[in-house]
$ cat final34.txt   # compact mmCIF, C-alpha atoms
# COMPACT_ATOMS: atom_id res chain seq x y z
CA MET A 1 -39.40 48.80 -35.27
CA SER A 2 -42.93 47.52 -35.05
CA GLY A 3 -45.49 49.27 -32.98
CA THR A 4 -46.57 46.11 -31.22
CA GLU A 5 -43.41 46.01 -29.13
CA VAL A 6 -44.35 48.22 -26.25
CA ALA A 7 -42.06 49.01 -23.39
CA PRO A 8 -43.55 48.12 -20.02
CA PRO A 9 -44.87 51.12 -18.16
CA GLY A 10 -42.18 52.84 -16.22
CA VAL A 11 -39.30 51.30 -18.12
CA GLY A 12 -39.47 53.66 -21.01
CA GLY A 13 -39.97 56.48 -18.58
CA ARG A 14 -36.56 55.86 -17.09
CA ASP A 15 -34.87 56.40 -20.43
CA ASP A 16 -32.92 59.58 -20.58
CA GLU A 17 -34.46 60.58 -23.91
CA PRO A 18 -37.73 58.77 -24.34
CA GLY A 19 -38.47 60.58 -27.57
CA ARG A 20 -35.58 59.04 -29.51
CA PRO A 21 -36.04 55.77 -31.43
CA GLY A 22 -33.06 54.29 -29.58
CA GLY A 23 -34.96 54.56 -26.34
CA GLY A 24 -37.58 52.22 -27.68
CA ARG A 25 -34.97 49.72 -28.81
CA ARG A 26 -33.45 49.60 -25.34
CA ALA A 27 -36.87 49.05 -23.87
CA GLU A 28 -37.45 46.24 -26.32
CA HIS A 29 -34.21 44.55 -25.25
CA ARG A 30 -35.16 44.74 -21.63
CA ALA A 31 -38.59 43.33 -22.28
CA ARG A 32 -37.15 40.39 -24.21
CA GLY A 33 -34.54 39.78 -21.51
CA SER A 34 -37.16 39.50 -18.82
CA ARG A 35 -39.17 37.12 -21.02
CA ASP A 36 -36.06 34.88 -21.43
CA ARG A 37 -35.51 34.77 -17.70
CA ARG A 38 -39.09 33.74 -17.18
CA ALA A 39 -38.74 31.02 -19.81
CA THR A 40 -35.63 29.49 -18.24
CA ARG A 41 -36.72 29.68 -14.63
CA GLY A 42 -38.26 26.18 -14.80
CA GLY A 43 -35.11 24.72 -16.40
CA GLY A 44 -32.90 26.54 -13.92
CA VAL A 45 -33.56 23.98 -11.21
CA VAL A 46 -32.59 21.14 -13.54
CA LEU A 47 -29.50 22.97 -14.74
CA GLY A 48 -28.51 23.69 -11.15
CA ALA A 49 -28.94 20.04 -10.18
CA VAL A 50 -26.85 18.92 -13.17
CA GLY A 51 -24.18 21.42 -12.16
CA VAL A 52 -24.07 20.12 -8.59
CA LEU A 53 -24.00 16.52 -9.84
CA GLY A 54 -21.09 17.40 -12.13
CA GLU A 55 -19.21 18.98 -9.28
CA LEU A 56 -19.85 15.93 -7.09
CA LEU A 57 -18.56 13.61 -9.83
CA ILE A 58 -15.42 15.70 -10.31
CA THR A 59 -14.89 15.65 -6.54
CA ALA A 60 -15.32 11.87 -6.49
CA GLY A 61 -12.75 11.55 -9.27
CA VAL A 62 -10.24 13.67 -7.40
CA LEU A 63 -10.81 11.64 -4.22
CA LEU A 64 -10.30 8.38 -6.15
CA LEU A 65 -6.97 9.69 -7.42
CA ALA A 66 -6.09 10.66 -3.86
CA PHE A 67 -6.94 7.12 -2.72
CA LEU A 68 -4.62 5.68 -5.38
CA ALA A 69 -1.84 8.00 -4.25
CA TRP A 70 -2.42 6.94 -0.66
CA GLN A 71 -2.53 3.22 -1.44
CA LEU A 72 0.35 3.06 -3.91
CA TRP A 73 2.68 5.62 -2.38
CA TRP A 74 1.81 6.73 1.12
CA THR A 75 1.34 3.22 2.59
CA ASP A 76 4.87 2.40 1.37
CA VAL A 77 6.25 5.53 3.00
CA GLU A 78 4.50 4.82 6.30
CA SER A 79 5.23 1.09 6.48
CA ASN A 80 8.85 1.39 5.37
CA ARG A 81 9.39 4.00 8.05
CA GLU A 82 7.74 1.84 10.69
CA GLN A 83 9.67 -1.27 9.65
CA ALA A 84 12.99 0.57 9.53
CA GLN A 85 12.27 1.90 13.00
CA LEU A 86 11.59 -1.62 14.30
CA VAL A 87 14.85 -2.89 12.78
CA GLN A 88 16.64 0.01 14.43
CA GLU A 89 14.99 -0.32 17.84
CA GLN A 90 15.43 -4.07 18.13
CA GLY A 91 18.92 -4.03 16.61
CA TRP A 92 18.21 -6.49 13.80
CA ASP A 93 20.95 -4.98 11.64
CA GLU A 94 23.63 -5.45 14.29
CA PRO A 95 24.65 -8.91 13.01
CA LEU A 96 25.35 -7.20 9.66
CA ALA A 97 27.90 -4.86 11.25
CA PRO A 98 30.89 -7.02 10.15
CA LEU A 99 29.99 -6.13 6.55
CA GLU A 100 31.29 -2.64 7.26
CA ALA A 101 34.69 -3.90 8.44
CA ALA A 102 37.58 -2.29 6.56
CA ASP A 103 39.53 -5.51 6.02
CA GLY A 104 36.53 -7.52 4.83
CA PRO A 105 33.86 -9.17 6.96
CA ALA A 106 34.37 -12.26 9.05
CA VAL A 107 32.57 -14.99 7.15
CA VAL A 108 30.87 -17.79 9.06
CA THR A 109 31.70 -21.47 8.61
CA PRO A 110 28.60 -23.28 7.30
CA ARG A 111 27.29 -25.95 9.65
CA TYR A 112 25.14 -28.79 8.41
CA ASP A 113 24.31 -30.49 11.71
CA GLU A 114 21.13 -30.07 13.73
CA PRO A 115 20.44 -26.29 13.95
CA PRO A 116 19.04 -24.59 17.04
CA VAL A 117 15.32 -23.96 16.63
CA LEU A 118 13.31 -21.41 18.61
CA GLU A 119 10.01 -22.17 20.28
CA GLU A 120 7.11 -20.64 18.37
CA PRO A 121 6.59 -17.23 20.02
CA GLU A 122 3.41 -15.41 20.95
CA TYR A 123 1.34 -13.61 18.34
CA LEU A 124 2.90 -10.27 17.30
CA THR A 125 6.39 -11.21 18.53
CA THR A 126 9.11 -10.16 16.11
CA PHE A 127 11.53 -13.08 16.32
CA ALA A 128 13.68 -12.99 13.17
CA SER A 129 14.80 -10.95 10.18
CA MET A 130 15.55 -11.73 6.59
CA ARG A 131 17.45 -10.50 3.57
CA VAL A 132 17.55 -11.80 0.04
CA PRO A 133 20.84 -10.99 -1.73
CA ARG A 134 19.06 -11.09 -5.10
CA TRP A 135 16.96 -8.14 -3.88
CA ASP A 136 20.01 -5.91 -3.63
CA GLY A 137 19.07 -2.55 -2.15
CA GLU A 138 16.13 -3.86 -0.13
CA PRO A 139 16.41 -3.19 3.59
CA THR A 140 16.31 -5.84 6.30
CA ARG A 141 12.75 -7.06 6.89
CA THR A 142 11.68 -8.33 10.26
CA ILE A 143 9.57 -11.47 10.65
CA THR A 144 6.67 -11.31 13.09
CA GLN A 145 4.37 -14.04 14.38
CA GLY A 146 0.96 -13.92 12.67
CA THR A 147 -0.24 -13.20 9.14
CA ASP A 148 -3.22 -10.86 9.52
CA ARG A 149 -3.03 -7.60 7.65
CA PRO A 150 -4.05 -4.91 10.16
CA ASN A 151 -1.55 -5.89 12.87
CA VAL A 152 1.27 -7.72 11.08
CA LEU A 153 1.52 -7.45 7.31
CA ASN A 154 0.50 -3.81 6.89
CA PRO A 155 2.65 -2.21 9.58
CA LEU A 156 5.39 -4.80 10.18
CA GLY A 157 6.13 -6.38 6.81
CA VAL A 158 6.72 -10.11 6.89
CA GLY A 159 4.47 -12.46 8.87
CA HIS A 160 5.02 -16.06 9.97
CA TYR A 161 2.11 -18.46 9.48
CA GLU A 162 1.16 -19.64 12.95
CA GLY A 163 1.67 -23.35 13.42
CA THR A 164 4.25 -23.73 10.66
CA ALA A 165 7.88 -24.59 11.41
CA MET A 166 10.26 -22.06 12.94
CA PRO A 167 13.53 -21.07 11.18
CA GLY A 168 15.76 -24.10 10.81
CA GLY A 169 13.02 -26.44 11.98
CA VAL A 170 11.98 -29.64 10.23
CA GLY A 171 8.83 -28.75 8.31
CA ASN A 172 7.85 -25.65 6.39
CA PHE A 173 8.88 -22.22 7.69
CA SER A 174 6.14 -20.23 5.94
CA LEU A 175 6.05 -16.47 5.47
CA ALA A 176 3.67 -13.95 3.93
CA ALA A 177 4.18 -10.33 2.93
CA HIS A 178 2.80 -7.70 0.59
CA ARG A 179 4.07 -7.58 -2.98
CA THR A 180 2.67 -4.10 -3.58
CA THR A 181 1.75 -1.36 -1.08
CA TYR A 182 2.56 -1.20 2.66
CA GLY A 183 6.33 -1.30 2.14
CA LYS A 184 6.02 -4.25 -0.34
CA PRO A 185 8.69 -6.54 1.22
CA PHE A 186 8.15 -9.28 -1.39
CA ASN A 187 7.88 -6.86 -4.33
CA ARG A 188 10.70 -8.57 -6.24
CA ILE A 189 9.70 -12.16 -5.51
CA ALA A 190 9.43 -13.02 -9.20
CA GLU A 191 13.16 -12.32 -9.62
CA LEU A 192 14.08 -15.29 -7.43
CA GLN A 193 15.73 -18.17 -9.26
CA GLU A 194 16.57 -21.70 -8.26
CA GLY A 195 19.60 -21.71 -5.97
CA ASP A 196 19.19 -18.11 -4.79
CA PRO A 197 19.94 -17.71 -1.07
CA ILE A 198 17.33 -16.47 1.40
CA VAL A 199 19.11 -15.42 4.59
CA VAL A 200 17.10 -15.54 7.81
CA TRP A 201 18.51 -14.73 11.22
CA THR A 202 17.30 -14.88 14.77
CA GLU A 203 19.09 -13.27 17.67
CA ASP A 204 21.78 -15.97 17.74
CA THR A 205 21.64 -17.93 14.49
CA TRP A 206 21.94 -17.51 10.73
CA TYR A 207 19.81 -19.80 8.56
CA VAL A 208 20.66 -19.78 4.86
CA TYR A 209 17.97 -21.26 2.64
CA ARG A 210 18.17 -21.89 -1.10
CA VAL A 211 15.26 -21.40 -3.49
CA THR A 212 14.14 -24.66 -5.07
CA SER A 213 11.00 -23.69 -7.00
CA SER A 214 8.31 -21.09 -7.63
CA GLN A 215 4.67 -21.61 -8.43
CA ILE A 216 1.45 -19.66 -8.88
CA VAL A 217 -1.58 -21.04 -7.07
CA MET A 218 -5.11 -20.07 -6.12
CA PRO A 219 -5.72 -18.26 -2.81
CA ASP A 220 -7.19 -21.34 -1.09
CA ASP A 221 -4.31 -23.67 -2.03
CA VAL A 222 -3.07 -24.08 1.54
CA GLN A 223 -1.08 -27.20 0.68
CA VAL A 224 1.81 -24.91 -0.32
CA ILE A 225 2.47 -24.26 3.37
CA ALA A 226 2.01 -27.88 4.44
CA PRO A 227 4.99 -29.34 6.39
CA VAL A 228 6.01 -30.96 3.11
CA PRO A 229 4.95 -28.42 0.46
CA ASP A 230 2.14 -29.70 -1.78
CA GLN A 231 1.93 -32.99 0.13
CA PRO A 232 -0.50 -32.33 2.97
CA GLY A 233 -0.34 -35.03 5.64
CA ALA A 234 3.15 -36.18 4.69
CA GLU A 235 5.70 -36.42 7.52
CA PRO A 236 8.46 -33.87 6.92
CA THR A 237 12.14 -34.76 7.08
CA GLU A 238 13.52 -31.63 5.44
CA ARG A 239 13.73 -28.00 6.53
CA PHE A 240 11.68 -26.02 4.01
CA ILE A 241 10.94 -22.32 3.66
CA THR A 242 7.95 -20.94 1.75
CA LEU A 243 7.24 -17.33 0.80
CA THR A 244 3.68 -16.39 -0.19
CA THR A 245 2.49 -13.13 -1.69
CA CYS A 246 -0.16 -11.89 -4.07
CA HIS A 247 -0.22 -12.42 -7.80
CA PRO A 248 -0.55 -10.77 -10.23
CA MET A 249 0.74 -7.50 -8.85
CA PHE A 250 -2.03 -5.12 -7.76
CA SER A 251 -4.45 -8.02 -7.62
CA ALA A 252 -5.36 -10.78 -5.21
CA ARG A 253 -6.65 -13.24 -7.77
CA GLU A 254 -3.80 -15.71 -7.27
CA ARG A 255 -0.77 -16.23 -5.02
CA TYR A 256 2.91 -16.29 -5.94
CA ILE A 257 4.74 -18.98 -4.01
CA VAL A 258 8.48 -19.56 -3.61
CA HIS A 259 9.78 -22.73 -1.96
CA GLY A 260 13.26 -23.28 -0.61
CA VAL A 261 15.21 -25.64 1.59
CA LEU A 262 17.78 -25.04 4.33
CA ASP A 263 21.35 -25.07 3.08
CA TYR A 264 23.28 -24.43 6.29
CA TRP A 265 23.21 -22.58 9.59
CA ALA A 266 25.82 -20.72 11.65
CA PRO A 267 26.09 -18.75 14.88
CA VAL A 268 25.64 -15.00 14.51
CA SER A 269 28.67 -14.42 16.74
CA GLU A 270 31.05 -15.81 14.08
CA GLY A 271 30.38 -13.16 11.44
CA VAL A 272 28.14 -13.00 8.40
CA PRO A 273 27.21 -15.61 5.79
CA ALA A 274 29.26 -15.45 2.61
CA GLU A 275 26.01 -14.92 0.67
CA LEU A 276 25.53 -11.52 2.31
CA ALA A 277 29.21 -10.57 2.08
CA GLU A 278 29.19 -11.08 -1.69
CA VAL A 279 26.48 -8.49 -2.17
CA SER A 280 28.16 -5.60 -0.41
CA MET B 1 -21.97 23.71 -4.87
CA TYR B 2 -18.52 25.26 -5.12
CA GLY B 3 -20.13 28.43 -6.50
CA TRP B 4 -22.30 28.60 -3.38
CA LEU B 5 -19.23 28.07 -1.20
CA TRP B 6 -17.38 30.81 -3.06
CA ARG B 7 -20.24 33.28 -2.62
CA HIS B 8 -20.55 32.57 1.09
CA LEU B 9 -16.87 32.91 1.94
CA PRO B 10 -15.95 36.28 3.39
CA GLY B 11 -13.15 38.55 2.30
CA PRO B 12 -11.44 39.38 -0.98
CA ALA B 13 -10.69 36.80 -3.64
CA LEU B 14 -7.18 36.10 -2.37
CA VAL B 15 -8.43 35.30 1.13
CA ARG B 16 -11.14 33.04 -0.28
CA VAL B 17 -8.60 31.15 -2.37
CA LEU B 18 -6.43 30.64 0.72
CA VAL B 19 -9.41 29.46 2.79
CA LEU B 20 -10.38 27.00 0.05
CA LEU B 21 -6.81 25.68 -0.14
CA VAL B 22 -6.73 25.11 3.60
CA LEU B 23 -10.09 23.35 3.39
CA ALA B 24 -8.88 21.11 0.55
CA VAL B 25 -5.72 20.16 2.45
CA ALA B 26 -7.79 19.41 5.56
CA VAL B 27 -10.11 17.13 3.58
CA LEU B 28 -7.13 15.29 2.03
CA ALA B 29 -5.43 14.91 5.40
CA ALA B 30 -8.61 13.48 6.92
CA CYS B 31 -8.84 11.02 4.02
CA PHE B 32 -5.20 9.91 4.43
CA ALA B 33 -5.49 9.57 8.19
CA TRP B 34 -8.89 7.93 8.60
CA VAL B 35 -11.02 7.42 5.51
CA PHE B 36 -8.56 5.55 3.26
CA PRO B 37 -7.18 3.22 5.97
CA TRP B 38 -10.78 2.33 6.79
CA LEU B 39 -11.61 1.76 3.11
CA ALA B 40 -8.50 -0.24 2.14
CA PRO B 41 -9.52 -3.62 3.66
CA TYR B 42 -12.59 -3.63 1.41
CA MET B 43 -10.43 -3.30 -1.70
CA PRO B 44 -9.79 -6.55 -3.56
CA PHE B 45 -6.04 -6.31 -4.14
CA ASN B 46 -4.24 -6.59 -0.82
CA ASP B 47 -4.51 -10.29 0.08
CA THR B 48 -1.16 -12.03 0.26
CA THR B 49 -1.75 -15.12 2.33
CA VAL B 50 -3.04 -18.53 1.39
CA GLY B 51 -6.04 -19.99 3.15
CA GLU B 52 -8.00 -16.79 3.61
CA GLY B 53 -9.36 -16.62 0.09
$ encode --input "final34.txt" --output "structure tokens"
Amino acid sequence: MSGTEVAPPGVGGRDDEPGRPGGGRRAEHRARGSRDRRATRGGGVVLGAVGVLGELLITAGVLLLAFLAWQLWWTDVESNREQAQLVQEQGWDEPLAPLEAADGPAVVTPRYDEPPVLEEPEYLTTFASMRVPRWDGEPTRTITQGTDRPNVLNPLGVGHYEGTAMPGGVGNFSLAAHRTTYGKPFNRIAELQEGDPIVVWTEDTWYVYRVTSSQIVMPDDVQVIAPVPDQPGAEPTERFITLTTCHPMFSARERYIVHGVLDYWAPVSEGVPAELAEVS
Amino acid sequence: MYGWLWRHLPGPALVRVLVLLVLAVAVLAACFAWVFPWLAPYMPFNDTTVGEG
């Protein structure tokens, strides 16, 4: 031990046995410790700030994960519940009741004459429902007037483009729905193949459409919902249906479009379309 | 930040852990109920219609 290391006054005095060499060593340790604290006091503020910043970043990461969980899982839970409740309350599944019949459902006779067509209802009116047999396991989705997200697509599922044809009408019955999140009614749109039935029903009438084509377009390609798809201005003579949703999944860069044309119609009171009976 | 919170919470460690858990759940619930629904329209992946792009 060198003699230059001197314990501060008072410190050495508190040692139990100041005469022993060990007492001096303890004092030396204390002196060095207090010097270290003095040396790091300036850096302490920086270190503290870095620590807080780190904690903030970790918190932000956790919140981002929570947002993903909310968007990808919770919105489905909420919207599916809300849509199922609407189907239940308004009785949209009642026309499907014959499917439960023990001796097989009553199957409707297809009619190819002029179908009954509803007047276009007010914004936010739920006026029809749909099922796609290819999407086996998907619940009935209601169709509501309007295509904005906060009021129609997020809570209610499928929206009808205002001003386009009504079910069974000459022109283009055009629908939009989410492909991911918020119940994702059109999640399995890419599975649709030419000839696949799309079954739409109003309170009194079944309308069975058949898929004719699919395409991927840019978001501003509104000609896909023209009265004659992709021929804006042309006078329609056929009864088209068009489904629009986002593409690719989890993106809004493009739109996935499915076109179809009316195959036949039938009164709801007669039973169910054969297309639905085959599934169950 | 969390160290400060920990030092300023009263009670034994177990109580502090419980208080922190309740706080965390409250923050998450507030996010699910208000913050995320407000944020979602600004996210670029929910558009499904044509003509609004």
$ atom_distance --input "final34.txt" --atom1 "CA of Pro197 (chain A)" --atom2 "CA of Ala97 (chain A)"
19.5 Å
$ atom_distance --input "final34.txt" --atom1 "CA of Trp201 (chain A)" --atom2 "CA of Gly91 (chain A)"
12.0 Å
$ interface_residues --input "final34.txt" --of "chain A" --to "chain B" --cutoff "7 Å" --atoms "all atoms listed in the file" --output "PDB file with C-alpha atoms, in the coordinates of the input"
ATOM      1  CA  VAL A  52     -24.070  20.120  -8.590  1.00  0.00           C
ATOM      2  CA  PHE A  67      -6.940   7.120  -2.720  1.00  0.00           C
ATOM      3  CA  TRP A  70      -2.420   6.940  -0.660  1.00  0.00           C
ATOM      4  CA  ALA A 176       3.670 -13.950   3.930  1.00  0.00           C
ATOM      5  CA  ALA A 177       4.180 -10.330   2.930  1.00  0.00           C
ATOM      6  CA  HIS A 178       2.800  -7.700   0.590  1.00  0.00           C
ATOM      7  CA  PRO A 219      -5.720 -18.260  -2.810  1.00  0.00           C
ATOM      8  CA  ASP A 220      -7.190 -21.340  -1.090  1.00  0.00           C
ATOM      9  CA  ASP A 221      -4.310 -23.670  -2.030  1.00  0.00           C
ATOM     10  CA  VAL A 222      -3.070 -24.080   1.540  1.00  0.00           C
ATOM     11  CA  THR A 244       3.680 -16.390  -0.190  1.00  0.00           C
ATOM     12  CA  THR A 245       2.490 -13.130  -1.690  1.00  0.00           C
ATOM     13  CA  CYS A 246      -0.160 -11.890  -4.070  1.00  0.00           C
ATOM     14  CA  PHE A 250      -2.030  -5.120  -7.760  1.00  0.00           C
ATOM     15  CA  SER A 251      -4.450  -8.020  -7.620  1.00  0.00           C
ATOM     16  CA  ALA A 252      -5.360 -10.780  -5.210  1.00  0.00           C
ATOM     17  CA  ARG A 255      -0.770 -16.230  -5.020  1.00  0.00           C
TER      18      ARG A 255
END
$ atom_distance --input "final34.txt" --atom1 "CA of Thr242 (chain A)" --atom2 "CA of Val224 (chain A)"
7.6 Å
$ residues_near_point --input "final34.txt" --point "(6.2, 4.3, 1.7)" --cutoff "12 Å" --atoms "all atoms listed in the file" --output "PyMOL selection string"
chain A and resi 69-84+154-155+157+180-185
$ residues_near_point --input "final34.txt" --point "(10.3, -21.9, -13.9)" --cutoff "8 Å" --atoms "all atoms listed in the file" --output "NGL selection string"
:A and (213-215)
$ write_last_selection --input "final34.txt" --atoms "C-alpha atoms" --output "compact mmCIF listing (two decimals), keeping the file's coordinate frame"
# COMPACT_ATOMS: atom_id res chain seq x y z
CA SER A 213 11.00 -23.69 -7.00
CA SER A 214 8.31 -21.09 -7.63
CA GLN A 215 4.67 -21.61 -8.43
$ residues_around --input "final34.txt" --residues "Glu275 (chain A)" --least-positions-apart "2" --cutoff "8 Å" --atoms "all atoms listed in the file" --output "list in words"
Pro133, Pro197, Val199, Pro273, Ala277, Glu278 and Val279 of chain A
$ residues_around --input "final34.txt" --residues "Gly260 (chain A)" --least-positions-apart "5" --cutoff "9 Å" --atoms "only C-alpha atoms" --output "number ranges by chain"
A: 194-198, 209-214, 239-243
